[in-house]
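Text of the file model_25.cif, holding mmCIF, C-alpha atoms:
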```cif
data_work
#
loop_
_atom_site.label_atom_id
_atom_site.label_comp_id
_atom_site.auth_asym_id
_atom_site.auth_seq_id
_atom_site.Cartn_x
_atom_site.Cartn_y
_atom_site.Cartn_z
CA GLY V 1 -38.24 43.33 -32.66
CA GLU V 2 -40.13 41.86 -35.58
CA ASN V 3 -38.35 41.94 -38.93
CA VAL V 4 -38.81 40.56 -42.44
CA GLU V 5 -35.84 40.36 -44.78
CA GLN V 6 -36.34 39.96 -48.51
CA HIS V 7 -33.88 38.97 -51.23
CA PRO V 8 -32.93 39.78 -53.88
CA SER V 9 -33.73 43.46 -54.16
CA THR V 10 -33.70 43.25 -57.96
CA LEU V 11 -34.13 40.27 -60.25
CA SER V 12 -33.98 40.06 -64.03
CA VAL V 13 -35.07 36.93 -65.85
CA GLN V 14 -35.69 35.99 -69.44
CA GLU V 15 -39.29 35.50 -70.47
CA GLY V 16 -40.30 31.91 -69.84
CA ASP V 17 -37.76 31.35 -67.08
CA SER V 18 -38.61 30.96 -63.40
CA ALA V 19 -38.16 33.57 -60.69
CA VAL V 20 -37.69 32.93 -56.98
CA ILE V 21 -37.91 35.53 -54.23
CA LYS V 22 -37.00 34.64 -50.66
CA CYS V 23 -38.00 36.07 -47.31
CA THR V 24 -37.05 35.35 -43.74
CA TYR V 25 -38.95 36.42 -40.65
CA SER V 26 -37.90 36.79 -37.04
CA ASP V 27 -41.05 36.25 -34.96
CA SER V 28 -41.82 32.59 -34.35
CA ALA V 29 -45.43 33.57 -33.61
CA SER V 30 -45.95 34.68 -37.22
CA ASN V 31 -48.61 32.48 -38.79
CA TYR V 32 -49.74 34.13 -42.02
CA PHE V 33 -47.56 35.12 -44.97
CA PRO V 34 -49.05 37.06 -47.89
CA TRP V 35 -47.31 38.17 -51.06
CA TYR V 36 -48.19 41.40 -52.85
CA LYS V 37 -47.44 42.64 -56.36
CA GLN V 38 -47.13 46.38 -56.88
CA GLU V 39 -46.97 47.87 -60.34
CA LEU V 40 -45.65 51.38 -60.80
CA GLY V 41 -48.01 53.96 -59.37
CA LYS V 42 -50.56 51.38 -58.26
CA ARG V 43 -51.64 49.84 -54.97
CA PRO V 44 -50.15 46.56 -53.70
CA GLN V 45 -52.28 43.63 -54.87
CA LEU V 46 -52.50 40.35 -52.97
CA ILE V 47 -51.37 37.54 -55.28
CA ILE V 48 -51.01 34.55 -52.98
CA ASP V 49 -50.75 33.76 -49.29
CA ILE V 50 -49.92 30.85 -47.05
CA ARG V 51 -50.77 29.98 -43.48
CA SER V 52 -48.42 28.30 -41.07
CA ASN V 53 -50.28 25.00 -41.07
CA VAL V 54 -49.25 24.21 -44.66
CA GLY V 55 -45.88 23.98 -46.36
CA GLU V 56 -46.79 24.86 -49.93
CA LYS V 57 -49.56 26.49 -51.92
CA LYS V 58 -49.90 26.85 -55.66
CA ASP V 59 -52.07 28.99 -57.90
CA GLN V 60 -51.42 28.50 -61.61
CA ARG V 61 -47.90 29.88 -62.28
CA ILE V 62 -47.39 31.13 -58.75
CA ALA V 63 -46.42 29.06 -55.72
CA VAL V 64 -45.34 29.84 -52.20
CA THR V 65 -43.36 27.56 -49.89
CA LEU V 66 -42.93 27.89 -46.13
CA ASN V 67 -40.26 26.43 -43.86
CA LYS V 68 -41.38 27.23 -40.32
CA THR V 69 -38.33 25.70 -38.71
CA ALA V 70 -35.97 27.92 -40.66
CA LYS V 71 -38.44 30.84 -40.71
CA HIS V 72 -38.15 31.07 -44.49
CA PHE V 73 -40.79 31.48 -47.13
CA SER V 74 -40.41 31.90 -50.86
CA LEU V 75 -42.38 32.98 -53.91
CA HIS V 76 -41.93 31.00 -57.10
CA ILE V 77 -43.13 32.27 -60.47
CA THR V 78 -42.84 29.87 -63.38
CA GLU V 79 -43.02 30.61 -67.12
CA THR V 80 -42.54 34.31 -66.46
CA GLN V 81 -44.20 36.83 -68.76
CA PRO V 82 -43.46 40.54 -69.31
CA GLU V 83 -46.61 41.44 -67.35
CA ASP V 84 -45.06 39.80 -64.29
CA SER V 85 -42.64 42.74 -64.15
CA ALA V 86 -43.37 44.64 -60.93
CA VAL V 87 -42.20 45.01 -57.35
CA TYR V 88 -43.08 42.08 -55.13
CA PHE V 89 -43.41 42.37 -51.34
CA CYS V 90 -43.57 39.59 -48.81
CA ALA V 91 -45.15 40.10 -45.41
CA ALA V 92 -45.56 38.26 -42.16
CA THR V 93 -47.99 38.75 -39.34
CA ALA V 94 -46.65 39.81 -35.97
CA PRO V 95 -48.59 39.76 -32.71
CA THR V 96 -49.54 43.07 -31.15
CA THR V 97 -49.73 44.09 -27.52
CA SER V 98 -53.52 43.99 -27.76
CA GLY V 99 -53.51 40.31 -28.66
CA THR V 100 -54.27 40.83 -32.34
CA TYR V 101 -51.75 41.04 -35.17
CA LYS V 102 -50.21 43.45 -37.63
CA TYR V 103 -48.29 42.95 -40.87
CA ILE V 104 -44.57 43.47 -41.29
CA PHE V 105 -43.43 43.90 -44.89
CA GLY V 106 -40.17 43.11 -46.62
CA THR V 107 -38.31 45.76 -48.56
CA GLY V 108 -39.44 44.49 -51.94
CA THR V 109 -37.98 42.79 -55.01
CA ARG V 110 -38.07 44.55 -58.35
CA LEU V 111 -38.65 41.82 -60.94
CA LYS V 112 -37.95 42.55 -64.56
CA VAL V 113 -38.94 39.98 -67.17
CA LEU V 114 -36.98 40.48 -70.38
CA ALA V 115 -38.80 39.70 -73.61
CA ASP B 1 -67.07 50.18 -55.99
CA THR B 2 -66.41 47.53 -53.41
CA GLY B 3 -62.69 48.19 -52.96
CA VAL B 4 -60.83 50.29 -50.43
CA SER B 5 -60.91 53.97 -51.37
CA GLN B 6 -58.80 56.89 -50.17
CA ASP B 7 -59.17 60.63 -50.48
CA PRO B 8 -57.44 62.72 -51.60
CA ARG B 9 -55.17 60.85 -54.00
CA HIS B 10 -52.59 63.63 -53.93
CA LYS B 11 -51.86 66.36 -51.43
CA ILE B 12 -49.26 69.10 -51.66
CA THR B 13 -48.80 71.22 -48.57
CA LYS B 14 -46.36 73.62 -47.06
CA ARG B 15 -44.22 72.69 -44.09
CA GLY B 16 -46.00 73.38 -40.84
CA GLN B 17 -49.52 72.88 -42.18
CA ASN B 18 -51.91 70.19 -40.99
CA VAL B 19 -53.31 67.59 -43.36
CA THR B 20 -56.05 65.00 -43.03
CA PHE B 21 -56.57 61.90 -45.15
CA ARG B 22 -59.64 59.70 -45.36
CA CYS B 23 -59.95 55.95 -45.92
CA ASP B 24 -63.14 54.06 -46.69
CA PRO B 25 -62.60 50.32 -46.18
CA ILE B 26 -64.44 47.43 -47.76
CA SER B 27 -67.78 47.51 -45.97
CA GLU B 28 -67.68 44.14 -44.21
CA HIS B 29 -64.06 44.49 -43.09
CA ASN B 30 -63.62 45.09 -39.36
CA ARG B 31 -59.87 45.66 -39.44
CA LEU B 32 -58.28 48.79 -40.86
CA TYR B 33 -54.57 49.59 -41.19
CA TRP B 34 -52.57 52.67 -42.09
CA TYR B 35 -49.12 52.39 -43.65
CA ARG B 36 -46.51 54.77 -44.99
CA GLN B 37 -44.51 53.86 -48.07
CA THR B 38 -41.47 55.68 -49.40
CA LEU B 39 -39.76 55.05 -52.71
CA GLY B 40 -38.07 51.68 -52.88
CA GLN B 41 -39.43 50.49 -49.55
CA GLY B 42 -42.19 48.23 -48.40
CA PRO B 43 -45.25 49.54 -46.56
CA GLU B 44 -44.33 50.60 -43.03
CA PHE B 45 -46.97 49.93 -40.37
CA LEU B 46 -48.37 53.04 -38.67
CA THR B 47 -51.52 52.02 -36.83
CA TYR B 48 -54.35 49.49 -36.72
CA PHE B 49 -58.04 49.54 -35.84
CA GLN B 50 -60.40 46.71 -35.08
CA ASN B 51 -63.85 48.21 -35.48
CA GLU B 52 -63.58 51.62 -33.78
CA ALA B 53 -60.82 50.65 -31.37
CA GLN B 54 -57.25 51.68 -32.15
CA LEU B 55 -55.40 48.59 -30.96
CA GLU B 56 -51.85 49.26 -32.05
CA LYS B 57 -49.70 52.23 -32.92
CA SER B 58 -46.15 52.09 -34.22
CA ARG B 59 -43.49 53.13 -31.73
CA LEU B 60 -41.92 55.09 -34.58
CA LEU B 61 -45.03 57.21 -35.01
CA SER B 62 -44.57 60.81 -33.96
CA ASP B 63 -47.19 62.42 -31.73
CA ARG B 64 -47.93 64.71 -34.67
CA PHE B 65 -49.79 61.77 -36.20
CA SER B 66 -53.26 60.81 -35.05
CA ALA B 67 -55.87 58.49 -36.47
CA GLU B 68 -59.52 57.88 -35.78
CA ARG B 69 -62.22 55.47 -36.82
CA PRO B 70 -65.19 56.91 -34.95
CA LYS B 71 -67.97 54.59 -36.11
CA GLY B 72 -65.93 51.59 -37.09
CA SER B 73 -66.32 52.40 -40.78
CA PHE B 74 -64.20 55.11 -42.43
CA SER B 75 -60.96 56.29 -40.84
CA THR B 76 -58.99 59.53 -40.90
CA LEU B 77 -55.28 60.08 -40.50
CA GLU B 78 -54.16 63.56 -39.47
CA ILE B 79 -50.62 64.88 -39.56
CA GLN B 80 -50.04 68.11 -37.67
CA ARG B 81 -47.22 70.55 -38.33
CA THR B 82 -46.04 68.64 -41.38
CA GLU B 83 -42.33 68.26 -42.07
CA GLN B 84 -40.55 67.53 -45.33
CA GLY B 85 -39.73 64.07 -44.02
CA ASP B 86 -43.46 63.29 -43.94
CA SER B 87 -43.52 63.23 -47.74
CA ALA B 88 -44.55 59.70 -48.70
CA MET B 89 -47.42 57.57 -49.95
CA TYR B 90 -49.93 56.88 -47.18
CA LEU B 91 -51.70 53.60 -47.74
CA CYS B 92 -54.82 52.34 -46.05
CA ALA B 93 -55.76 48.67 -46.02
CA SER B 94 -58.69 46.73 -44.65
CA SER B 95 -59.21 43.09 -43.88
CA PHE B 96 -61.58 40.47 -42.63
CA LYS B 97 -59.20 37.65 -43.47
CA GLU B 98 -56.96 38.81 -46.35
CA GLN B 99 -55.74 42.38 -46.40
CA PHE B 100 -56.58 44.66 -49.34
CA PHE B 101 -55.00 48.02 -50.02
CA GLY B 102 -56.43 51.31 -51.14
CA PRO B 103 -54.80 53.41 -53.88
CA GLY B 104 -52.97 55.61 -51.41
CA THR B 105 -52.62 59.33 -50.79
CA ARG B 106 -49.36 60.79 -52.03
CA LEU B 107 -48.25 63.59 -49.70
CA THR B 108 -45.68 66.16 -50.76
CA VAL B 109 -44.49 68.61 -48.13
CA LEU B 110 -42.71 71.64 -49.60
#
```

Represent the supplied structure as C-alpha coordinates.
Amino acid sequence: GENVEQHPSTLSVQEGDSAVIKCTYSDSASNYFPWYKQELGKRPQLIIDIRSNVGEKKDQRIAVTLNKTAKHFSLHITETQPEDSAVYFCAATAPTTSGTYKYIFGTGTRLKVLA
Amino acid sequence: DTGVSQDPRHKITKRGQNVTFRCDPISEHNRLYWYRQTLGQGPEFLTYFQNEAQLEKSRLLSDRFSAERPKGSFSTLEIQRTEQGDSAMYLCASSFKEQFFGPGTRLTVL
(Lines of atoms letter the chains of each structure in order from A and count residues from 1; the text may use other names and numbers.)
(Lines give C-alpha, C1' and ligand atoms only; values in the text may rest on other atoms or scores of the structure.)
Protein backbone atom coordinates (compact mmCIF):
# COMPACT_ATOMS: atom_id res chain seq x y z
CA GLY A 1 0.00 0.00 0.00
CA GLU A 2 0.98 3.65 -0.13
CA ASN A 3 3.57 4.77 2.39
CA VAL A 4 5.68 7.85 3.13
CA GLU A 5 8.79 7.51 5.28
CA GLN A 6 10.37 10.56 6.88
CA HIS A 7 13.80 11.00 8.46
CA PRO A 8 15.10 12.04 10.87
CA SER A 9 12.45 12.00 13.56
CA THR A 10 14.29 14.69 15.52
CA LEU A 11 16.85 17.22 14.38
CA SER A 12 18.76 19.83 16.38
CA VAL A 13 20.77 22.51 14.63
CA GLN A 14 22.54 25.66 15.71
CA GLU A 15 20.95 28.93 14.70
CA GLY A 16 22.21 29.95 11.29
CA ASP A 17 22.98 26.40 10.18
CA SER A 18 21.02 24.48 7.55
CA ALA A 19 18.51 21.71 8.18
CA VAL A 20 17.56 18.93 5.79
CA ILE A 21 14.60 16.59 6.16
CA LYS A 22 14.15 13.66 3.81
CA CYS A 23 11.13 11.67 2.70
CA THR A 24 10.60 8.68 0.48
CA TYR A 25 7.33 7.57 -1.06
CA SER A 26 6.18 4.25 -2.43
CA ASP A 27 3.53 5.04 -5.06
CA SER A 28 4.99 5.92 -8.43
CA ALA A 29 1.70 7.64 -9.30
CA SER A 30 2.29 10.30 -6.63
CA ASN A 31 2.59 13.68 -8.32
CA TYR A 32 2.29 16.35 -5.64
CA PHE A 33 4.42 16.73 -2.52
CA PRO A 34 3.56 19.38 0.08
CA TRP A 35 5.43 20.18 3.28
CA TYR A 36 3.68 21.34 6.44
CA LYS A 37 4.97 23.03 9.58
CA GLN A 38 3.12 22.39 12.82
CA GLU A 39 3.84 24.38 15.93
CA LEU A 40 2.77 23.05 19.30
CA GLY A 41 -0.99 23.10 19.68
CA LYS A 42 -1.57 24.60 16.24
CA ARG A 43 -2.80 23.36 12.88
CA PRO A 44 -0.38 22.16 10.18
CA GLN A 45 0.54 25.06 7.89
CA LEU A 46 1.56 24.58 4.26
CA ILE A 47 5.03 26.04 3.79
CA ILE A 48 6.08 24.81 0.35
CA ASP A 49 5.09 22.22 -2.21
CA ILE A 50 6.42 20.71 -5.40
CA ARG A 51 4.80 18.97 -8.33
CA SER A 52 6.30 16.04 -10.16
CA ASN A 53 7.09 18.01 -13.30
CA VAL A 54 9.85 20.01 -11.56
CA GLY A 55 12.95 18.96 -9.66
CA GLU A 56 13.41 21.89 -7.31
CA LYS A 57 11.49 24.82 -5.89
CA LYS A 58 12.71 27.60 -3.65
CA ASP A 59 10.97 30.19 -1.50
CA GLN A 60 13.36 32.45 0.41
CA ARG A 61 15.11 30.23 3.01
CA ILE A 62 13.11 27.14 2.16
CA ALA A 63 13.66 24.80 -0.77
CA VAL A 64 12.32 21.43 -1.78
CA THR A 65 13.97 18.95 -4.14
CA LEU A 66 12.39 15.95 -5.83
CA ASN A 67 14.01 12.86 -7.32
CA LYS A 68 11.22 10.96 -9.05
CA THR A 69 13.43 8.09 -10.09
CA ALA A 70 14.48 7.38 -6.53
CA LYS A 71 11.10 8.46 -5.10
CA HIS A 72 12.83 10.87 -2.73
CA PHE A 73 12.03 14.43 -1.83
CA SER A 74 13.69 16.70 0.69
CA LEU A 75 13.10 19.94 2.55
CA HIS A 76 16.03 22.30 2.97
CA ILE A 77 15.96 25.21 5.41
CA THR A 78 18.92 27.58 5.30
CA GLU A 79 20.01 30.16 7.88
CA THR A 80 17.76 28.58 10.49
CA GLN A 81 16.16 30.77 13.13
CA PRO A 82 14.62 29.87 16.51
CA GLU A 83 11.14 30.44 15.05
CA ASP A 84 11.79 27.59 12.62
CA SER A 85 11.51 25.21 15.59
CA ALA A 86 8.44 23.04 15.00
CA VAL A 87 7.38 19.65 13.68
CA TYR A 88 7.61 19.32 9.92
CA PHE A 89 5.53 16.83 7.93
CA CYS A 90 6.00 15.76 4.36
CA ALA A 91 3.14 14.34 2.32
CA ALA A 92 2.55 12.72 -1.02
CA THR A 93 -0.60 12.29 -3.03
CA ALA A 94 -1.86 8.79 -3.65
CA PRO A 95 -4.56 7.83 -6.15
CA THR A 96 -7.89 6.67 -4.81
CA THR A 97 -10.26 4.03 -6.12
CA SER A 98 -12.56 6.80 -7.32
CA GLY A 99 -9.91 8.21 -9.62
CA THR A 100 -9.09 11.20 -7.43
CA TYR A 101 -6.31 11.43 -4.86
CA LYS A 102 -5.67 11.59 -1.14
CA TYR A 103 -2.67 12.67 0.91
CA ILE A 104 -0.37 10.32 2.79
CA PHE A 105 1.71 11.98 5.50
CA GLY A 106 5.09 11.15 6.94
CA THR A 107 5.55 10.69 10.67
CA GLY A 108 7.10 14.10 11.20
CA THR A 109 10.46 15.63 12.10
CA ARG A 110 10.81 17.65 15.26
CA LEU A 111 13.26 20.45 14.43
CA LYS A 112 14.87 22.35 17.24
CA VAL A 113 16.97 25.41 16.41
CA LEU A 114 19.36 26.23 19.22
CA ALA A 115 20.10 29.90 19.82
CA ASP B 1 -12.64 34.48 8.56
CA THR B 2 -11.74 32.79 5.32
CA GLY B 3 -9.91 29.81 6.82
CA VAL B 4 -11.10 26.32 7.64
CA SER B 5 -12.99 26.24 10.93
CA GLN B 6 -13.93 23.34 13.19
CA ASP B 7 -16.32 23.00 16.09
CA PRO B 8 -15.98 22.17 18.88
CA ARG B 9 -12.28 22.71 19.55
CA HIS B 10 -12.32 20.31 22.49
CA LYS B 11 -14.63 17.47 23.42
CA ILE B 12 -14.51 15.28 26.50
CA THR B 13 -16.87 12.35 26.55
CA LYS B 14 -17.42 9.11 28.36
CA ARG B 15 -16.77 5.78 26.70
CA GLY B 16 -19.81 4.56 24.83
CA GLN B 17 -21.21 7.99 24.02
CA ASN B 18 -21.66 9.36 20.51
CA VAL B 19 -19.93 12.53 19.39
CA THR B 20 -20.27 14.72 16.31
CA PHE B 21 -17.78 17.23 14.96
CA ARG B 22 -18.34 19.93 12.37
CA CYS B 23 -16.00 21.33 9.73
CA ASP B 24 -16.59 24.45 7.66
CA PRO B 25 -14.18 24.53 4.71
CA ILE B 26 -12.91 27.51 2.77
CA SER B 27 -15.93 28.51 0.72
CA GLU B 28 -14.60 27.92 -2.79
CA HIS B 29 -12.94 24.61 -1.95
CA ASN B 30 -14.68 21.56 -3.41
CA ARG B 31 -12.54 18.94 -1.67
CA LEU B 32 -12.78 18.19 2.03
CA TYR B 33 -10.70 15.73 4.05
CA TRP B 34 -10.88 14.34 7.57
CA TYR B 35 -7.75 13.16 9.37
CA ARG B 36 -6.91 11.81 12.80
CA GLN B 37 -3.67 12.81 14.48
CA THR B 38 -2.21 11.29 17.63
CA LEU B 39 0.77 12.58 19.56
CA GLY B 40 4.01 12.29 17.65
CA GLN B 41 2.37 11.13 14.44
CA GLY B 42 1.43 12.68 11.16
CA PRO B 43 -2.19 13.18 10.11
CA GLU B 44 -3.81 9.85 9.26
CA PHE B 45 -6.30 9.92 6.39
CA LEU B 46 -9.88 9.01 7.35
CA THR B 47 -12.14 10.08 4.50
CA TYR B 48 -12.49 12.46 1.57
CA PHE B 49 -15.32 14.35 -0.12
CA GLN B 50 -15.47 16.02 -3.48
CA ASN B 51 -18.46 18.33 -3.27
CA GLU B 52 -21.13 16.22 -1.53
CA ALA B 53 -19.81 12.86 -2.69
CA GLN B 54 -17.76 10.75 -0.27
CA LEU B 55 -15.18 9.33 -2.67
CA GLU B 56 -12.79 7.54 -0.37
CA LYS B 57 -12.82 6.05 3.09
CA SER B 58 -9.84 4.58 4.89
CA ARG B 59 -9.83 0.81 5.19
CA LEU B 60 -8.74 1.32 8.78
CA LEU B 61 -11.88 3.28 9.60
CA SER B 62 -14.25 1.46 11.91
CA ASP B 63 -17.94 1.32 11.02
CA ARG B 64 -18.51 3.39 14.16
CA PHE B 65 -17.25 6.36 12.15
CA SER B 66 -19.45 8.12 9.62
CA ALA B 67 -19.10 11.39 7.77
CA GLU B 68 -21.42 13.52 5.70
CA ARG B 69 -21.24 16.60 3.55
CA PRO B 70 -24.90 16.99 2.60
CA LYS B 71 -24.78 20.19 0.56
CA GLY B 72 -21.18 20.14 -0.49
CA SER B 73 -20.28 22.82 2.04
CA PHE B 74 -19.82 21.95 5.73
CA SER B 75 -19.13 18.39 6.83
CA THR B 76 -19.81 16.40 9.98
CA LEU B 77 -17.89 13.47 11.42
CA GLU B 78 -19.74 11.25 13.87
CA ILE B 79 -18.20 8.62 16.11
CA GLN B 80 -20.64 6.21 17.70
CA ARG B 81 -20.00 4.23 20.87
CA THR B 82 -16.70 5.98 21.51
CA GLU B 83 -13.73 4.03 22.84
CA GLN B 84 -10.67 5.26 24.69
CA GLY B 85 -8.60 4.53 21.60
CA ASP B 86 -10.60 7.17 19.72
CA SER B 87 -8.90 9.89 21.77
CA ALA B 88 -7.00 12.03 19.27
CA MET B 89 -7.01 15.30 17.39
CA TYR B 90 -9.46 15.22 14.48
CA LEU B 91 -8.36 17.52 11.71
CA CYS B 92 -10.38 18.72 8.77
CA ALA B 93 -8.77 20.13 5.64
CA SER B 94 -10.10 21.57 2.42
CA SER B 95 -8.56 22.17 -0.95
CA PHE B 96 -9.06 23.47 -4.43
CA LYS B 97 -5.40 23.05 -5.31
CA GLU B 98 -3.37 23.30 -2.08
CA GLN B 99 -4.74 21.73 1.07
CA PHE B 100 -5.37 23.88 4.16
CA PHE B 101 -6.09 22.56 7.63
CA GLY B 102 -8.54 23.60 10.28
CA PRO B 103 -7.54 23.98 13.94
CA GLY B 104 -8.79 20.52 14.85
CA THR B 105 -11.11 19.05 17.46
CA ARG B 106 -9.32 17.39 20.35
CA LEU B 107 -11.35 14.40 21.55
CA THR B 108 -10.76 12.85 24.96
CA VAL B 109 -12.66 9.67 25.76
CA LEU B 110 -12.70 8.84 29.47

Sphere at (-49.2, 35.8, -46.9), radius 12 Å, counting all atoms listed in the file: residues as a PyMOL selection string
(chain V and resi 23+30-37+45-52+54+56-57+63-66+73-75+89-94+103-106) or (chain B and resi 97-100)

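The gap separating CA of Arg81 in chain B from CA of Thr20 in chain B is 11.4 Å, in Å to one decimal.
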
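Minimum distance to Thr76 in chain B across B:Ser62, B:Gln54, B:Gln17, B:Thr38 (counting only C-alpha atoms) occurs at B:Gln54.
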
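Closest approach to Gly108 in chain V among B:Gly3, B:Gly102, B:Pro43, B:Pro8 is made by B:Pro43 (distances from all atoms listed in the file).
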
Write out as an NGL selection string the residues lying within 9 Å of Ser95 in chain B, counting all atoms listed in the file and excluding same-chain residues fewer than 2 positions away. :B and (25-26 or 28-33 or 93 or 97-101)

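The coordinates place CA of Thr24 in chain V at 11.8 Å from CA of Pro8 in chain V.
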
key: Expansion of the PyMOL selection byres ((chain B) within 6 of (chain V)) into residues, as a PyMOL selection string   = chain B and resi 41-42+55+103

For the PyMOL selection byres ((chain V and resi 80) around 10), applied here, can you spell out every residue it catches as JSON, numbers by chain?
{"V": [13, 14, 15, 16, 17, 18, 19, 61, 62, 76, 77, 78, 79, 81, 82, 83, 84, 85, 112, 113, 114, 115]}

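Taking CA of Ser87 in chain B and CA of Glu56 in chain B as endpoints, the distance between them is 22.6 Å.
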
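The residues returned by the PyMOL selection byres ((chain B and resi 69-73) around 8) for this structure are B:Asp24, B:Pro25, B:Ser27, B:Asn30, B:Phe49, B:Gln50, B:Asn51, B:Glu52, B:Ala53, B:Gln54, B:Ala67, B:Glu68, B:Phe74, B:Ser75, B:Thr76.
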
Worksheet item: Within 12 Å of Asp63 in chain B, counting all atoms listed in the file, which residues qualify if same-chain residues fewer than 6 places away don't, as a PyMOL selection string?
Response: chain B and resi 46+57+78-82

Using C-alpha atoms, can you write the selected residues to a file as a PDB file, keeping the file's coordinate frame?
```pdb
ATOM      1  CA  LEU B  46     -48.370  53.040 -38.670  1.00  0.00           C
ATOM      2  CA  LYS B  57     -49.700  52.230 -32.920  1.00  0.00           C
ATOM      3  CA  GLU B  78     -54.160  63.560 -39.470  1.00  0.00           C
ATOM      4  CA  ILE B  79     -50.620  64.880 -39.560  1.00  0.00           C
ATOM      5  CA  GLN B  80     -50.040  68.110 -37.670  1.00  0.00           C
ATOM      6  CA  ARG B  81     -47.220  70.550 -38.330  1.00  0.00           C
ATOM      7  CA  THR B  82     -46.040  68.640 -41.380  1.00  0.00           C
TER       8      THR B  82
END
```
